[in-house]
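Shown here: start-v6.cif, mmCIF, C-alpha atoms.
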```cif
data_structure
#
loop_
_atom_site.label_atom_id
_atom_site.label_comp_id
_atom_site.auth_asym_id
_atom_site.auth_seq_id
_atom_site.Cartn_x
_atom_site.Cartn_y
_atom_site.Cartn_z
CA MET A 8 90.27 122.10 106.56
CA ASP A 9 86.83 120.73 105.70
CA LEU A 10 85.96 117.06 105.25
CA GLU A 11 86.01 117.23 101.45
CA THR A 12 89.53 118.65 101.39
CA LEU A 13 90.66 116.09 103.96
CA GLY A 14 89.07 113.27 101.95
CA ARG A 15 90.83 114.29 98.76
CA THR A 16 94.12 114.93 100.53
CA LEU A 17 94.28 111.60 102.35
CA GLY A 18 92.58 109.63 99.58
CA PHE A 19 95.11 110.66 96.97
CA SER A 20 97.99 110.19 99.43
CA LEU A 21 96.87 106.62 100.14
CA ALA A 22 96.52 105.94 96.41
CA ALA A 23 99.97 107.42 95.74
CA GLY A 24 101.53 104.88 98.09
CA VAL A 25 100.12 102.09 95.93
CA ASN A 26 100.65 103.65 92.50
CA LEU A 27 102.00 107.19 92.39
CA TYR A 28 101.95 107.55 88.61
CA ALA A 29 98.34 106.46 88.20
CA THR A 30 97.34 108.90 90.94
CA VAL A 31 99.12 111.84 89.29
CA ALA A 32 97.66 110.87 85.91
CA ILE A 33 94.14 110.84 87.37
CA LEU A 34 94.68 114.25 88.96
CA GLY A 35 96.11 115.68 85.74
CA LEU A 36 93.37 114.32 83.49
CA ALA A 37 90.65 115.41 85.91
CA ALA A 38 92.05 118.94 85.95
CA ARG A 39 92.55 118.98 82.17
CA TYR A 40 89.09 117.78 81.16
CA GLY A 41 87.10 119.18 84.07
CA TRP A 42 85.64 115.88 85.21
CA VAL A 43 84.57 117.63 88.42
CA ASP A 44 84.65 121.17 89.72
CA LEU A 45 88.03 121.14 91.45
CA PRO A 46 89.65 123.90 93.51
CA PRO A 47 92.23 126.06 91.65
CA GLN A 48 95.25 124.35 93.23
CA PHE A 49 94.57 121.19 91.22
CA GLN A 50 95.57 123.03 88.06
CA VAL A 51 99.21 122.37 88.98
CA PHE A 52 98.66 118.84 87.65
CA ASN A 53 97.21 120.19 84.39
CA HIS A 54 100.44 120.31 82.41
CA ASP A 55 101.39 118.33 79.32
CA VAL A 56 104.72 117.23 80.82
CA VAL A 57 103.15 116.15 84.11
CA ILE A 58 100.31 114.24 82.46
CA GLY A 59 102.52 112.68 79.78
CA ALA A 60 105.25 111.61 82.22
CA ALA A 61 102.68 110.15 84.62
CA ILE A 62 101.00 108.11 81.87
CA VAL A 63 104.32 106.82 80.51
CA MET A 64 105.57 105.84 83.96
CA TYR A 65 102.23 104.22 84.76
CA LEU A 66 102.56 102.04 81.66
CA VAL A 67 106.10 101.08 82.71
CA GLU A 68 104.88 100.20 86.21
CA PHE A 69 101.89 98.32 84.79
CA PHE A 70 104.23 95.78 83.17
CA ALA A 71 106.90 95.87 85.91
CA ASP A 72 104.25 94.95 88.48
CA LYS A 73 103.39 91.76 86.60
CA ILE A 74 106.91 90.24 86.79
CA PRO A 75 107.62 88.22 89.95
CA TYR A 76 110.61 89.47 91.98
CA PHE A 77 111.12 92.38 89.59
CA ASP A 78 108.00 93.90 91.13
CA SER A 79 109.71 93.76 94.54
CA LEU A 80 112.79 95.45 93.07
CA TRP A 81 110.53 98.12 91.58
CA ASP A 82 108.83 98.61 94.96
CA GLY A 83 112.22 98.91 96.62
CA ILE A 84 113.24 101.67 94.23
CA HIS A 85 110.02 103.52 95.09
CA THR A 86 110.42 103.26 98.86
CA LEU A 87 111.22 106.97 99.05
CA ILE A 88 109.54 108.11 95.85
CA ARG A 89 105.97 107.12 96.75
CA PRO A 90 105.91 108.61 100.29
CA ILE A 91 107.49 111.84 99.05
CA GLY A 92 104.99 111.91 96.18
CA GLY A 93 102.15 111.35 98.63
CA ALA A 94 103.40 114.23 100.79
CA LEU A 95 103.66 116.58 97.80
CA ILE A 96 100.19 115.62 96.57
CA ALA A 97 98.77 116.21 100.05
CA VAL A 98 100.27 119.71 100.28
CA THR A 99 99.18 120.57 96.73
CA THR A 100 95.58 119.45 97.19
CA LEU A 101 95.43 121.31 100.52
CA GLY A 102 95.58 124.73 98.87
CA ASP A 103 96.49 127.92 100.72
CA ALA A 104 97.50 127.28 104.31
CA SER A 105 100.02 128.38 106.88
CA PRO A 106 103.52 126.83 106.79
CA THR A 107 102.71 124.92 109.99
CA ILE A 108 99.57 123.36 108.51
CA GLU A 109 101.40 122.57 105.28
CA GLY A 110 104.15 120.83 107.23
CA LEU A 111 101.67 118.77 109.24
CA VAL A 112 99.71 117.82 106.13
CA ALA A 113 102.90 116.87 104.29
CA LEU A 114 103.88 114.64 107.22
CA LEU A 115 100.42 113.10 107.34
CA GLY A 116 100.25 112.53 103.58
CA GLY A 117 103.74 111.05 103.49
CA THR A 118 102.95 108.74 106.40
CA VAL A 119 99.72 107.51 104.80
CA ALA A 120 101.50 106.94 101.48
CA ALA A 121 104.34 105.12 103.25
CA GLY A 122 101.84 102.89 105.02
CA SER A 123 100.11 101.82 101.82
CA HIS A 124 103.47 101.45 100.07
CA PHE A 125 104.95 99.13 102.71
CA THR A 126 101.72 97.13 102.86
CA LYS A 127 101.88 96.65 99.09
CA THR A 128 105.59 95.79 99.24
CA SER A 129 105.11 93.19 101.98
CA THR A 130 102.15 91.62 100.19
CA ARG A 131 104.10 91.38 96.93
CA ALA A 132 107.11 89.86 98.69
CA ALA A 133 104.85 87.18 100.19
CA ALA A 134 103.23 86.53 96.82
CA ASN A 135 106.64 86.03 95.22
CA THR A 136 107.17 82.94 97.35
CA SER A 137 104.56 81.26 95.15
CA PRO A 138 106.04 79.76 91.96
CA GLU A 139 103.10 80.76 89.73
CA PRO A 140 102.78 84.32 88.34
CA LEU A 141 98.98 84.46 88.56
CA SER A 142 98.99 85.88 92.09
CA ASN A 143 101.21 88.78 90.99
CA TRP A 144 98.92 89.58 88.08
CA LEU A 145 95.80 89.47 90.23
CA LEU A 146 97.39 91.63 92.92
CA SER A 147 98.62 94.15 90.36
CA ILE A 148 95.23 94.42 88.66
CA GLY A 149 93.53 94.68 92.04
CA GLU A 150 95.89 97.47 93.07
CA ASP A 151 95.22 99.39 89.85
CA MET A 152 91.48 99.03 90.33
CA PHE A 153 91.80 100.21 93.94
CA VAL A 154 93.78 103.31 92.92
CA ILE A 155 91.35 104.17 90.12
CA GLY A 156 88.34 103.55 92.34
CA LEU A 157 89.76 105.58 95.24
CA GLY A 158 90.73 108.35 92.83
CA TYR A 159 87.17 108.44 91.49
CA LEU A 160 85.78 108.61 95.02
CA ALA A 161 88.23 111.36 96.02
CA LEU A 162 87.16 113.42 93.01
CA GLN A 163 83.41 112.81 93.08
CA TYR A 164 82.66 111.87 96.69
CA PRO A 165 85.57 113.02 98.87
CA VAL A 166 83.77 112.28 102.15
CA ALA A 167 83.26 108.67 101.03
CA ALA A 168 86.95 108.58 100.07
CA LEU A 169 87.78 109.77 103.59
CA ILE A 170 85.80 106.87 105.07
CA VAL A 171 87.48 104.34 102.76
CA THR A 172 90.89 105.81 103.61
CA ALA A 173 90.21 105.65 107.35
CA ILE A 174 89.20 101.98 107.05
CA ALA A 175 92.30 101.26 104.96
CA ILE A 176 94.54 102.95 107.54
CA VAL A 177 93.05 100.80 110.31
CA LEU A 178 93.67 97.67 108.22
CA ILE A 179 97.24 98.79 107.51
CA VAL A 180 97.88 99.25 111.24
CA VAL A 181 96.44 95.79 111.97
CA PHE A 182 98.53 94.28 109.16
CA ALA A 183 101.67 95.97 110.50
CA ALA A 184 100.97 94.68 114.01
CA VAL A 185 100.61 91.12 112.67
CA ILE A 186 103.89 91.44 110.79
CA VAL A 187 105.70 92.75 113.88
CA ARG A 188 104.35 89.92 116.05
CA THR A 189 105.34 87.36 113.42
CA VAL A 190 108.87 88.73 113.18
CA ARG A 191 109.24 88.81 116.97
CA ARG A 192 108.00 85.23 117.22
CA TRP A 193 110.48 84.19 114.54
CA PHE A 194 113.36 85.89 116.36
CA ARG A 195 112.40 84.31 119.69
CA ARG A 196 112.23 80.91 118.02
CA TRP A 197 115.65 81.16 116.43
CA PHE A 198 117.58 83.25 118.93
CA SER A 199 116.21 82.09 122.28
CA PRO A 200 118.70 80.48 124.74
CA ARG A 201 117.04 77.08 124.23
CA ALA A 202 117.54 77.35 120.49
CA ALA A 203 121.17 78.32 121.03
CA VAL A 204 121.71 75.29 123.33
CA THR A 205 120.06 72.98 120.82
CA SER A 206 122.22 74.38 118.06
CA SER A 207 125.43 73.91 120.10
CA ARG A 208 124.50 70.31 120.99
CA SER A 209 123.75 69.43 117.38
CA SER A 210 127.17 70.78 116.36
#
```
Encoded form using structure tokens:
Amino acid sequence: MDLETLGRTLGFSLAAGVNLYATVAILGLAARYGWVDLPPQFQVFNHDVVIGAAIVMYLVEFFADKIPYFDSLWDGIHTLIRPIGGALIAVTTLGDASPTIEGLVALLGGTVAAGSHFTKTSTRAAANTSPEPLSNWLLSIGEDMFVIGLGYLALQYPVAALIVTAIAIVLIVVFAAVIVRTVRRWFRRWFSPRAAVTSSRSS
């Protein structure tokens, strides 16, 4: 696998974890109108049903993402859908390969998509604690711009998309580590023996 193939594979997988339907729509439209000279395997996205369904579902998600708390419900529904979609996109953009390579790439693409999905879900859940809807709108628009921008890079400059994806993966790992430490600190605070003694005395 060369760097361009890896950049497109991981770039689109990362984008799928944020917005699967926009990613599929970009792939379908790029294959349909020949925006760039793509390998033959991308023609699988060039189908009226695939393109139409992706655009319709993107429009649904565009509005669902703007509604506080409903966006978290929508993300919850897509907890399996986005990683599986990312894995399928990764295998499709890979092209001809041995079953072992396809399995590894599917696992890698699904993991990358899951990472971006859970990062988005956690960020949206935190934003929903704010009473105003502006943060949800800004986050949603920012996510759409990120997916479109990353899709453009993956199509036109796949090596640059690989660099962006690598940086994003590092940030996702750091974000996850912060979340884990925060949760552990919260559990120690509330379930430590001292907290239990304090609770029993107050009762």
> Can you tell me, as number ranges by chain, which residues sit within 10 Å of (89.0, 115.6, 104.7) in the file's frame, using all atoms listed in the file?
Replying inline: A: 8-18, 101, 161, 165-170
>> Give me the residues near A:Asn143 as a VMD selection string, where near means some atom within 12 Å (using all atoms listed in the file) and where sequence neighbours in that chain fewer than 3 positions away do not count.
In response: chain A and resid 69 to 79 127 to 128 130 to 140 146 to 150
> Looking at all atoms listed in the file, which of A:Ala29, A:Val98, A:Ile179, A:Leu145 is the one that sits closest to A:Val67?
Replying inline: A:Ala29
For stretch 96-109 of chain A, take all atoms listed in the file, fit an axis-aligned box around them, add 4 Å to each of the six sides, then output centre and edge lengths in Å rounded to one decimal, as lines of an AutoDock Vina configuration file.
```
center_x = 99.5
center_y = 122.0
center_z = 103.3
size_x = 16.1
size_y = 20.8
size_z = 21.4
```
Output the residue selection produced by the PyMOL selection byres ((chain A and resi 45) around 12) on the file above, formatted as a PDB file with C-alpha atoms, in the coordinates of the input.
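Generated file (expr-v8.pdb):
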```pdb
ATOM      1  CA  GLU A  11      86.010 117.230 101.450  1.00  0.00           C
ATOM      2  CA  THR A  12      89.530 118.650 101.390  1.00  0.00           C
ATOM      3  CA  ARG A  15      90.830 114.290  98.760  1.00  0.00           C
ATOM      4  CA  LEU A  34      94.680 114.250  88.960  1.00  0.00           C
ATOM      5  CA  GLY A  35      96.110 115.680  85.740  1.00  0.00           C
ATOM      6  CA  LEU A  36      93.370 114.320  83.490  1.00  0.00           C
ATOM      7  CA  ALA A  37      90.650 115.410  85.910  1.00  0.00           C
ATOM      8  CA  ALA A  38      92.050 118.940  85.950  1.00  0.00           C
ATOM      9  CA  ARG A  39      92.550 118.980  82.170  1.00  0.00           C
ATOM     10  CA  TYR A  40      89.090 117.780  81.160  1.00  0.00           C
ATOM     11  CA  GLY A  41      87.100 119.180  84.070  1.00  0.00           C
ATOM     12  CA  TRP A  42      85.640 115.880  85.210  1.00  0.00           C
ATOM     13  CA  VAL A  43      84.570 117.630  88.420  1.00  0.00           C
ATOM     14  CA  ASP A  44      84.650 121.170  89.720  1.00  0.00           C
ATOM     15  CA  PRO A  46      89.650 123.900  93.510  1.00  0.00           C
ATOM     16  CA  PRO A  47      92.230 126.060  91.650  1.00  0.00           C
ATOM     17  CA  GLN A  48      95.250 124.350  93.230  1.00  0.00           C
ATOM     18  CA  PHE A  49      94.570 121.190  91.220  1.00  0.00           C
ATOM     19  CA  GLN A  50      95.570 123.030  88.060  1.00  0.00           C
ATOM     20  CA  VAL A  51      99.210 122.370  88.980  1.00  0.00           C
ATOM     21  CA  PHE A  52      98.660 118.840  87.650  1.00  0.00           C
ATOM     22  CA  ASN A  53      97.210 120.190  84.390  1.00  0.00           C
ATOM     23  CA  THR A 100      95.580 119.450  97.190  1.00  0.00           C
ATOM     24  CA  LEU A 101      95.430 121.310 100.520  1.00  0.00           C
ATOM     25  CA  GLY A 102      95.580 124.730  98.870  1.00  0.00           C
ATOM     26  CA  ALA A 161      88.230 111.360  96.020  1.00  0.00           C
ATOM     27  CA  LEU A 162      87.160 113.420  93.010  1.00  0.00           C
ATOM     28  CA  GLN A 163      83.410 112.810  93.080  1.00  0.00           C
ATOM     29  CA  TYR A 164      82.660 111.870  96.690  1.00  0.00           C
ATOM     30  CA  PRO A 165      85.570 113.020  98.870  1.00  0.00           C
TER      31      PRO A 165
END
```
> Skipping near chain neighbours, those fewer than 5 positions away, what residues fall within 8 Å of stretch 82-88 of chain A using only C-alpha atoms, listed as a ChimeraX atom specification?
Replying inline: /A:121,124-125,128
> For the atom pair atom CA of A:Ile155 and atom CA of A:Ile108, what is the interatomic distance in Å to one decimal place?
Replying inline: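 Result for atom CA of A:Ile155 versus atom CA of A:Ile108: 27.8 Å, one decimal.
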> Nearest to A:Thr126 among A:Ile33, A:Ser105, A:Ala173, A:Val185, with distances taken over all atoms listed in the file: which residue is it?
Replying inline: A:Val185
